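The file final34.txt comes next; it holds compact mmCIF, C-alpha atoms.
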# COMPACT_ATOMS: atom_id res chain seq x y z
CA MET A 271 1.04 7.21 2.56
CA ARG A 272 1.51 10.12 0.15
CA ALA A 273 4.61 11.47 1.85
CA LEU A 274 6.28 8.06 1.89
CA VAL A 275 5.49 7.44 -1.76
CA LEU A 276 6.88 10.83 -2.75
CA THR A 277 9.96 10.28 -0.64
CA SER A 278 10.62 7.00 -2.42
CA LEU A 279 10.85 8.93 -5.70
CA ALA A 280 13.68 10.98 -4.25
CA VAL A 281 16.01 8.27 -3.02
CA LEU A 282 18.08 7.57 -6.15
CA VAL A 283 21.05 9.60 -5.01
CA ALA A 284 24.73 9.12 -4.20
CA THR A 285 27.21 10.48 -1.70
CA ALA A 286 30.74 11.72 -1.20
CA CYS A 287 33.59 9.27 -0.68
CA GLN A 288 34.49 8.26 2.87
CA SER A 289 37.96 7.48 4.09
CA THR A 290 36.91 5.69 7.29
CA PRO A 291 36.76 1.90 6.88
CA PRO A 292 33.33 0.33 7.36
CA ALA A 293 32.46 -1.64 10.46
CA GLN A 294 31.36 -5.25 10.16
CA VAL A 295 27.97 -6.46 11.33
CA VAL A 296 28.03 -7.77 14.90
CA PRO A 297 25.50 -10.56 15.57
CA PRO A 298 23.82 -10.38 19.01
CA SER A 299 23.27 -13.35 21.26
CA GLY A 300 20.07 -15.13 20.29
CA ALA A 301 20.04 -13.77 16.72
CA THR A 302 19.16 -16.09 13.85
CA SER A 303 22.31 -17.85 12.70
CA THR A 304 23.46 -18.65 9.19
CA PRO A 305 22.19 -22.09 8.07
CA SER A 306 24.68 -24.95 8.15
CA GLY A 307 26.79 -25.08 5.01
CA ALA A 308 25.93 -21.52 3.96
CA THR A 309 28.60 -18.91 3.40
CA PRO A 310 27.87 -15.80 5.47
CA ALA A 311 27.91 -12.51 3.59
CA VAL A 312 28.15 -9.08 5.10
CA ALA A 313 24.69 -7.58 4.63
CA VAL A 314 25.19 -4.22 6.33
CA VAL A 315 28.24 -2.02 6.89
CA ALA A 316 28.33 1.31 8.69
CA ARG A 317 30.75 4.25 8.70
CA PRO A 318 31.14 6.53 11.71
CA ALA A 319 29.82 10.07 11.47
CA SER A 320 28.88 12.90 13.80
CA VAL A 321 25.17 13.77 13.65
CA PRO A 322 24.32 17.49 13.58
CA ALA A 323 21.19 18.77 15.31
CA ASP A 324 19.60 19.65 11.96
CA HIS A 325 20.01 16.79 9.53
CA ARG A 326 18.15 14.53 7.15
CA TYR A 327 18.71 10.88 6.32
CA VAL A 328 18.08 9.81 2.73
CA SER A 329 17.58 6.25 1.52
CA MET A 330 18.90 5.46 -1.96
CA SER A 331 19.60 2.51 -4.24
CA ASP A 332 22.12 1.34 -6.79
CA GLY A 333 20.02 -1.70 -7.57
CA GLN A 334 20.33 -4.54 -5.09
CA THR A 335 22.62 -2.46 -2.86
CA GLY A 336 21.07 0.29 -0.79
CA ARG A 337 22.67 3.24 0.96
CA ILE A 338 21.76 5.73 3.67
CA LEU A 339 23.06 9.29 3.33
CA LEU A 340 23.34 11.75 6.20
CA VAL A 341 22.66 15.30 5.00
CA ASP A 342 24.04 18.13 7.16
CA LEU A 343 21.55 20.97 6.76
CA ALA A 344 23.89 23.57 8.29
CA LYS A 345 26.76 22.78 5.92
CA GLY A 346 24.75 21.57 2.93
CA THR A 347 26.87 18.42 2.63
CA ASN A 348 26.08 14.70 2.64
CA ARG A 349 27.99 11.57 3.47
CA GLU A 350 27.32 7.86 3.23
CA VAL A 351 26.82 6.24 6.63
CA VAL A 352 25.31 2.85 5.75
CA THR A 353 25.56 0.36 2.91
CA ALA A 354 23.02 -2.47 2.99
CA ARG A 355 22.11 -5.49 0.88
CA GLY A 356 18.56 -6.43 -0.09
CA SER A 357 17.06 -9.70 -1.29
CA PRO A 358 18.94 -11.28 -4.22
CA ASP A 359 15.79 -11.51 -6.36
CA ARG A 360 14.85 -7.83 -5.91
CA PRO A 361 16.17 -5.51 -8.67
CA TYR A 362 15.71 -2.35 -6.58
CA TYR A 363 16.38 -1.87 -2.89
CA ALA A 364 16.30 1.38 -0.89
CA PRO A 365 16.71 0.50 2.80
CA PRO A 366 13.65 1.30 4.96
CA PHE A 367 14.75 2.85 8.26
CA SER A 368 13.61 4.57 11.45
CA GLU A 369 15.72 6.98 13.51
CA SER A 370 15.96 7.89 17.19
CA ALA A 371 15.07 11.43 18.29
CA ASP A 372 18.70 12.60 18.14
CA GLY A 373 19.42 10.73 14.91
CA LYS A 374 22.34 8.84 16.40
CA ARG A 375 20.69 5.43 16.10
CA LEU A 376 18.91 3.92 13.13
CA LEU A 377 16.76 0.81 12.84
CA LEU A 378 17.38 -0.47 9.34
CA ALA A 379 15.75 -3.25 7.31
CA ALA A 380 17.97 -5.48 5.18
CA VAL A 381 18.50 -9.13 4.36
CA GLY A 382 19.52 -11.36 7.27
CA PRO A 383 22.04 -14.23 7.51
CA ALA A 384 19.30 -16.73 6.53
CA GLN A 385 18.28 -14.49 3.58
CA ARG A 386 15.03 -13.43 5.26
CA SER A 387 13.81 -9.98 6.28
CA ALA A 388 15.88 -8.63 9.17
CA LEU A 389 16.38 -5.50 11.28
CA TYR A 390 19.76 -4.01 12.22
CA LEU A 391 20.71 -1.39 14.78
CA ILE A 392 23.02 1.26 13.32
CA ASP A 393 25.12 3.20 15.81
CA VAL A 394 25.89 6.13 13.52
CA VAL A 395 28.52 7.80 15.71
CA ALA A 396 30.43 4.56 16.36
CA GLY A 397 29.95 3.27 12.81
CA LYS A 398 28.64 -0.08 14.07
CA ALA A 399 25.87 -2.32 12.68
CA ILE A 400 24.29 -5.02 14.88
CA LEU A 401 21.78 -7.67 13.79
CA LEU A 402 18.75 -7.44 16.10
CA TYR A 403 16.08 -9.63 14.51
CA GLU A 404 15.51 -11.91 11.54
CA ASP A 405 12.00 -13.18 10.93
CA GLU A 406 11.32 -16.89 10.65
CA GLU A 407 9.05 -16.58 7.62
CA ILE A 408 9.04 -13.11 6.03
CA TRP A 409 11.31 -12.64 3.02
CA SER A 410 10.23 -9.21 1.75
CA ILE A 411 12.53 -6.43 2.98
CA GLY A 412 10.51 -3.65 4.57
CA SER A 413 7.53 -5.80 5.57
CA LEU A 414 8.65 -5.70 9.20
CA HIS A 415 7.75 -1.99 9.55
CA GLY A 416 10.46 -1.55 12.18
CA VAL A 417 10.23 1.53 14.44
CA ILE A 418 12.87 2.58 16.99
CA SER A 419 11.93 4.39 20.20
CA PRO A 420 12.88 8.09 20.59
CA ASP A 421 15.69 7.24 23.04
CA GLY A 422 16.95 4.44 20.79
CA ALA A 423 16.60 1.84 23.55
CA ARG A 424 13.69 -0.23 22.18
CA TYR A 425 12.16 -1.19 18.87
CA ALA A 426 8.91 -2.59 17.54
CA LEU A 427 8.13 -4.52 14.37
CA HIS A 428 5.45 -6.55 12.67
CA GLY A 429 6.66 -10.12 12.32
CA HIS A 430 4.95 -13.17 10.86
CA ASP A 431 2.82 -13.62 14.00
CA GLY A 432 2.03 -10.02 14.96
CA VAL A 433 3.60 -6.97 16.58
CA ARG A 434 6.81 -7.69 18.48
CA ILE A 435 8.89 -5.54 20.83
CA GLY A 436 12.59 -5.85 21.64
CA ASP A 437 15.55 -4.05 23.20
CA THR A 438 18.28 -2.58 21.00
CA ALA A 439 20.78 -3.88 23.57
CA GLY A 440 20.01 -7.33 22.12
CA GLY A 441 18.17 -10.48 23.12
CA PRO A 442 14.90 -12.03 21.93
CA THR A 443 11.78 -10.06 21.08
CA ARG A 444 8.42 -10.65 22.77
CA LEU A 445 5.07 -10.97 21.05
CA PHE A 446 3.15 -7.81 21.92
CA LEU A 447 -0.04 -8.12 19.86
CA GLU A 448 -1.21 -11.03 17.74
CA ASP A 449 -2.73 -10.43 14.31
CA ASP A 450 -6.52 -10.30 14.19
CA ASP A 451 -6.38 -12.09 10.83
CA PRO A 452 -2.92 -12.69 9.26
CA ALA A 453 -4.55 -13.27 5.85
CA ASP A 454 -6.24 -9.86 5.82
CA MET A 455 -3.86 -6.88 5.54
CA ALA A 456 -6.64 -4.54 6.64
CA ARG A 457 -6.91 -6.36 9.98
CA ILE A 458 -3.29 -6.55 11.09
CA TRP A 459 -1.64 -3.90 13.26
CA TYR A 460 1.89 -2.63 12.70
CA PRO A 461 3.94 0.01 14.54
CA LEU A 462 3.84 3.70 13.60
CA ALA A 463 5.50 5.60 16.46
CA TRP A 464 6.54 5.29 20.10
CA SER A 465 5.49 7.84 22.72
CA LEU A 466 8.35 10.03 23.93
CA ASP A 467 8.63 8.12 27.21
CA ARG A 468 8.09 4.79 25.37
CA THR A 469 5.27 3.77 27.70
CA ALA A 470 2.84 3.73 24.77
CA ILE A 471 2.96 2.99 21.07
CA ALA A 472 0.75 3.96 18.14
CA LEU A 473 -0.11 1.17 15.72
CA GLY A 474 -1.72 1.44 12.29
CA GLN A 475 -3.99 -0.65 10.08
CA GLY A 476 -4.57 -0.37 6.34
CA THR A 477 -3.84 -1.73 2.89
CA ASP A 478 -3.02 0.90 0.24
CA THR A 479 -2.60 3.50 3.01
CA VAL A 480 -2.90 3.55 6.78
CA THR A 481 -6.53 4.33 7.64
CA ASN A 482 -6.91 3.32 11.31
CA VAL A 483 -4.73 4.23 14.29
CA GLY A 484 -4.70 2.75 17.77
CA THR A 485 -2.66 3.50 20.89
CA TYR A 486 -1.52 0.73 23.24
CA GLY A 487 0.14 0.62 26.64
CA VAL A 488 3.53 -1.06 26.24
CA ALA A 489 3.55 -2.74 29.66
CA GLY A 490 0.23 -4.55 29.39
CA GLY A 491 -0.56 -4.39 25.69
CA ASP A 492 -3.98 -2.87 26.31
CA GLN A 493 -5.58 -0.66 23.68
CA TYR A 494 -6.90 2.58 25.17
CA TRP A 495 -7.80 4.61 22.08
CA THR A 496 -8.56 4.01 18.40
CA GLY A 497 -9.47 6.34 15.54
CA THR A 498 -8.89 7.14 11.89
CA GLY A 499 -5.57 8.45 10.60
CA SER A 500 -2.46 7.86 8.49
CA GLN A 501 0.43 9.58 10.30
CA VAL A 502 0.99 10.51 13.95
CA SER A 503 3.26 12.66 16.10
CA TRP A 504 3.70 12.31 19.88
CA ARG A 505 4.62 14.92 22.45
CA ALA A 506 5.07 14.93 26.25
CA LYS A 507 1.88 16.73 27.37
CA PRO A 508 -1.83 16.56 26.49
CA PRO A 509 -3.10 16.43 23.90
CA PHE A 510 -0.33 13.90 23.39
CA LEU A 511 -1.04 12.82 19.81
CA ALA A 512 -1.37 14.78 16.58
CA VAL A 513 -2.91 12.81 13.71
CA ALA A 514 -3.04 13.44 9.95
CA GLY A 515 -5.45 11.34 7.94
CA SER A 516 -5.69 10.57 4.25
CA ALA A 517 -8.48 8.44 2.87
CA GLY A 518 -7.60 5.25 1.05
CA THR A 519 -9.47 2.91 -1.24
CA PHE A 520 -10.96 1.01 1.67
CA GLY A 521 -11.65 3.76 4.18
CA GLY A 522 -10.07 6.53 6.22
CA GLU A 523 -10.66 10.27 6.43
CA ASN A 524 -8.90 13.39 5.15
CA ARG A 525 -8.49 15.14 8.46
CA VAL A 526 -6.00 16.68 10.94
CA TYR A 527 -6.66 16.62 14.67
CA ALA A 528 -5.09 16.42 18.12
CA VAL A 529 -6.25 13.85 20.64
CA ASN A 530 -5.54 12.85 24.22
CA PRO A 531 -5.63 9.05 23.93
CA ASN A 532 -6.25 8.71 27.67
CA ASP A 533 -9.76 10.13 27.43
CA GLY A 534 -10.38 10.27 23.65
CA LEU A 535 -10.94 14.06 23.68
CA ILE A 536 -10.40 15.35 20.12
CA ARG A 537 -9.56 18.85 18.89
CA ASP A 538 -10.13 19.20 15.13
CA LEU A 539 -7.43 21.24 13.41
CA GLU A 540 -8.47 20.54 9.82
CA PRO A 541 -11.98 19.06 9.73
CA LEU A 542 -13.02 16.64 7.02
CA THR A 543 -12.04 18.03 3.60
CA ALA A 544 -11.19 16.83 0.12
CA LYS A 545 -7.46 17.48 0.67
CA TYR A 546 -4.82 14.92 1.54
CA PHE A 547 -2.68 15.54 4.62
CA GLY A 548 0.80 14.41 5.67
CA SER A 549 4.10 15.33 7.42
CA ILE A 550 2.33 15.81 10.75
CA SER A 551 4.62 16.92 13.60
CA TRP A 552 4.37 18.79 16.87
CA HIS A 553 6.51 21.88 17.35
CA PRO A 554 9.48 21.02 19.65
CA SER A 555 8.14 23.27 22.44
CA ALA A 556 4.99 25.19 21.40
CA ASP A 557 1.32 24.15 21.15
CA ARG A 558 1.50 24.06 17.38
CA VAL A 559 1.50 21.40 14.67
CA LEU A 560 3.00 21.34 11.20
CA TYR A 561 1.40 19.46 8.32
CA THR A 562 1.16 19.40 4.54
CA ALA A 563 -1.97 19.51 2.37
CA ALA A 564 -2.32 18.46 -1.28
CA GLU A 565 -5.14 18.23 -3.78
CA ASP A 566 -4.70 14.51 -4.37
CA GLN A 567 -2.86 11.61 -2.84
CA PHE A 568 0.32 11.88 -4.92
CA ALA A 569 0.47 15.63 -5.61
CA GLU A 570 3.05 18.09 -4.32
CA ALA A 571 1.79 19.98 -1.29
CA ASP A 572 1.51 23.25 0.60
CA ILE A 573 2.67 23.66 4.22
CA TYR A 574 0.49 24.77 7.11
CA THR A 575 0.88 25.26 10.83
CA ARG A 576 -1.94 25.39 13.35
CA SER A 577 -1.72 26.63 16.91
CA LEU A 578 -4.09 25.12 19.44
CA ALA A 579 -4.97 28.67 20.48
CA ASP A 580 -5.99 29.75 16.96
CA ASP A 581 -9.18 29.10 15.02
CA LEU A 582 -7.55 28.83 11.60
CA PRO A 583 -4.35 27.33 10.17
CA LYS A 584 -1.51 29.48 8.84
CA ARG A 585 -0.05 28.81 5.39
CA ILE A 586 3.75 28.88 5.25
CA GLU A 587 5.01 30.73 2.20
CA SER A 588 7.23 28.67 -0.09
CA PRO A 589 8.60 29.43 -3.56
CA LYS A 590 7.41 26.02 -4.77
CA LYS A 591 5.21 23.10 -3.87
CA ILE A 592 6.93 20.58 -1.60
CA TRP A 593 7.02 16.85 -0.91
CA GLU A 594 7.41 16.71 2.86
CA ALA A 595 8.23 19.13 5.69
CA TRP A 596 9.57 19.12 9.25
CA TRP A 597 10.61 21.50 12.05
CA SER A 598 14.22 22.46 12.73
CA SER A 599 15.57 21.06 15.98
CA ASP A 600 14.71 24.26 17.89
CA GLY A 601 11.46 24.94 16.05
CA SER A 602 12.62 28.30 14.69
CA ARG A 603 12.57 27.16 11.07
CA ILE A 604 10.85 24.69 8.78
CA TYR A 605 12.65 22.46 6.31
CA ALA A 606 11.03 20.93 3.25
CA THR A 607 12.01 18.74 0.30
CA ALA A 608 11.02 19.83 -3.20
CA ALA A 609 11.81 18.88 -6.79
CA ARG A 610 15.12 20.42 -7.84
CA ASP A 611 14.99 23.71 -9.73
CA THR A 612 14.74 22.94 -13.45
CA THR A 613 16.81 26.05 -14.30
CA VAL A 614 19.86 24.63 -12.54
CA GLY A 615 21.67 22.11 -14.72
CA THR A 616 19.69 19.15 -16.02
CA PRO A 617 17.48 17.71 -13.29
CA GLY A 618 16.97 13.97 -13.08
CA VAL A 619 14.05 11.99 -11.76
CA GLY A 620 14.16 12.13 -7.99
CA ASP A 621 16.63 15.04 -7.75
CA PHE A 622 15.58 17.32 -4.90
CA ASP A 623 16.44 20.42 -2.91
CA ILE A 624 16.00 20.92 0.81
CA LEU A 625 14.55 24.37 1.49
CA GLU A 626 14.61 26.48 4.63
CA LEU A 627 11.28 28.20 5.24
CA PRO A 628 10.06 30.83 5.34
CA GLY A 629 12.25 32.37 2.66
CA GLY A 630 12.95 29.38 0.47
CA ARG A 631 16.76 29.30 0.76
CA VAL A 632 18.18 26.04 -0.62
CA VAL A 633 20.32 24.56 2.15
CA ALA A 634 21.19 21.24 0.48
CA SER A 635 20.65 19.39 -2.78
CA VAL A 636 20.79 15.73 -3.75
CA CYS A 637 21.09 14.57 -7.36
CA ARG A 638 21.08 11.04 -8.70
CA GLY A 639 22.85 11.80 -12.00
CA ASP A 640 26.23 12.08 -10.26
CA PRO A 641 27.60 8.88 -8.66
CA ARG A 642 28.35 10.87 -5.48
CA GLY A 643 25.01 12.66 -5.39
CA GLN A 644 26.56 16.02 -6.22
CA CYS A 645 24.55 18.60 -8.13
CA HIS A 646 26.29 20.62 -10.83
Kindly return the structure encoded in the file as structure tokens.
Amino acid sequence: MRALVLTSLAVLVATACQSTPPAQVVPPSGATSTPSGATPAVAVVARPASVPADHRYVSMSDGQTGRILLVDLAKGTNREVVTARGSPDRPYYAPPFSESADGKRLLLAAVGPAQRSALYLIDVVAGKAILLYEDEEIWSIGSLHGVISPDGARYALHGHDGVRIGDTAGGPTRLFLEDDDPADMARIWYPLAWSLDRTAIALGQGTDTVTNVGTYGVAGGDQYWTGTGSQVSWRAKPPFLAVAGSAGTFGGENRVYAVNPNDGLIRDLEPLTAKYFGSISWHPSADRVLYTAAEDQFAEADIYTRSLADDLPKRIESPKKIWEAWWSSDGSRIYATAARDTTVGTPGVGDFDILELPGGRVVASVCRGDPRGQCH
């Protein structure tokens, strides 16, 4: 997806020093154990931190070691909360992660005790990392597509045999949906997002980008809606799902719409166009969605909002094109990432500002040229 690709360009950053000692990884009961004769190595460490209402997590890399930064958007500061280790044969590793609705729990991908792809629960406030799952066959970090539920109680992933669901309290996962054809990437489903009450989950299919979306009941595993799309956002009332679509090489549509998966009723918000859409999200309380639109799949974008009561979208004024955007916790503001101002110092590849919109005030900056991510 365009937003994910652009975000990956912005992860080569560093953070301020921390005085709190890191917590060791705690293996849960039933987790894959280290093979006999192998020397266990700490793959993930976490440092305790309070999580402000308005924040942003940033994934970065120093090579084989990855880090997660917590950016405080009110104070404009960042701090390192996680250090993680990737596969030994991979020269670059930025930890893929998913966060709970309040940001206090992360589901993070890293190497497991048996050197295969694994998922860890990060309790950010406590500074604790717990091994939840290590796949029996998958070695590539990030291939699990782990997604944590909004309340942080459950998680979903795509393992070697299909979509699996587990509890972050620990214990084994259960097979939720088998692959249609494990040899065909276009025909396997992997998790995108949980519903707010975690009774349903949206899954995606695609190769170079997600092109198909389906919603499934968690209790019975039944599919009750399917359509085209690349990114989704859930809310607690109908229409429950907002979808942004970007066409890929093998299908898909450039489109933004809202849908009630229970009856399939669709409300087009941006009908089929030549633009590429991303950053889809419902307003925290209003009948309004936020999304980005760009001229091509990897271009910087403009920001739009669309109320369900209006006939046309509203463009949000910004002093520059942006990479991705999201609502503030109360919905009164919009935040966006953008390439760092070239008139300030000497920008490096992946340096970025976080803007508050409308207005364009820079609330935080992350630079990779400084070992602590500071911008001068």
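Atom CA of Val351 of chain A sits 6.7 Å away from atom CA of Pro318 of chain A.
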Which residues come within 9 Å of Ala371 of chain A, counting only C-alpha atoms, excluding same-chain residues fewer than 6 positions away, as a PDB file with C-alpha atoms, keeping the file's coordinate frame?
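What follows is the written file out_0.pdb:
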ATOM      1  CA  SER A 419      11.930   4.390  20.200  1.00  0.00           C
ATOM      2  CA  PRO A 420      12.880   8.090  20.590  1.00  0.00           C
ATOM      3  CA  ASP A 421      15.690   7.240  23.040  1.00  0.00           C
ATOM      4  CA  GLY A 422      16.950   4.440  20.790  1.00  0.00           C
ATOM      5  CA  LEU A 466       8.350  10.030  23.930  1.00  0.00           C
TER       6      LEU A 466
END
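You will find atom CA of Leu447 of chain A at 18.6 Å from atom CA of Thr481 of chain A.
Between atom CA of Ala439 of chain A and atom CA of Tyr425 of chain A lies a distance of 10.2 Å.
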Around (-9.5, 18.4, 5.7) in the file's own coordinates, what residues are found within 7 Å if you use only C-alpha atoms, given back as a PDB file with C-alpha atoms, in the coordinates of the input?
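Final file, out.pdb:
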ATOM      1  CA  ASN A 524      -8.900  13.390   5.150  1.00  0.00           C
ATOM      2  CA  ARG A 525      -8.490  15.140   8.460  1.00  0.00           C
ATOM      3  CA  VAL A 526      -6.000  16.680  10.940  1.00  0.00           C
ATOM      4  CA  GLU A 540      -8.470  20.540   9.820  1.00  0.00           C
ATOM      5  CA  PRO A 541     -11.980  19.060   9.730  1.00  0.00           C
ATOM      6  CA  LEU A 542     -13.020  16.640   7.020  1.00  0.00           C
ATOM      7  CA  THR A 543     -12.040  18.030   3.600  1.00  0.00           C
ATOM      8  CA  ALA A 544     -11.190  16.830   0.120  1.00  0.00           C
ATOM      9  CA  LYS A 545      -7.460  17.480   0.670  1.00  0.00           C
TER      10      LYS A 545
END
Q: Pick out the residues sitting within 8 Å of segment 549-563 of chain A, and hand them over as a PyMOL selection string; count only C-alpha atoms, and ignore anything fewer than 3 positions along from it in its own chain.
A: chain A and resi 273+501-505+512-514+545-546+571-579+594-597+599-601
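If you count only C-alpha atoms and ignore residues fewer than 2 places along the chain from Arg375 of chain A, what sits within 9 Å of it is Ser368, Glu369, Ser370, Ala371, Asp372, Gly373, Leu377, Leu391, Ile392, Asp393, Val394, Val395, Ile418, Asp421 and Gly422 of chain A.
Excluding Leu378 of chain A itself and same-chain residues fewer than 4 positions from it, the residues having an atom within 10 Å of it are Val314, Ile338, Val352, Ala354, Pro365, Pro366, Phe367, Ser368, Glu369, Ala388, Leu389, Tyr390, Leu391, Ile392, Ala399, Ile400, Leu401, Leu402, Ile411, Gly412, His415, Gly416, Val417 and Ile418 of chain A, counting all atoms listed in the file.
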Edge lengths and centre in Å to one decimal, as lines of an AutoDock Vina configuration file, is what I'm after for the box along x, y and z that holds all listed atoms of segment 440-453 of chain A once 6 Å is added on each side.
center_x = 6.7
center_y = -10.3
center_z = 14.5
size_x = 38.5
size_y = 17.9
size_z = 29.3
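The nearest approach to Ala608 of chain A among the residues A:Asp450, A:Glu587, A:Asp533, A:Glu570, with all atoms listed in the file taken into account, belongs to A:Glu570.
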Q) Looking at A:Arg434, A:Arg326, A:Arg457, A:Lys591, which one is nearest to Ala344 of chain A, with distances taken over all atoms listed in the file? A) A:Arg326
Q: Would you mind telling me which residue in A:Pro531, A:Gly336, A:Pro461, A:Gly491 lies nearest to Pro509 of chain A when using all atoms listed in the file?
A: A:Pro531
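Taking only C-alpha atoms into account, Asp581 of chain A lies nearest to A:Leu539 out of the set A:Ile458, A:Ala453, A:Leu539, A:Ala313.
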Q: Could you check which of A:Ser329, A:Ser602, A:Thr477, A:Ser410 is closest to Gly356 of chain A, using only C-alpha atoms?
A: A:Ser410
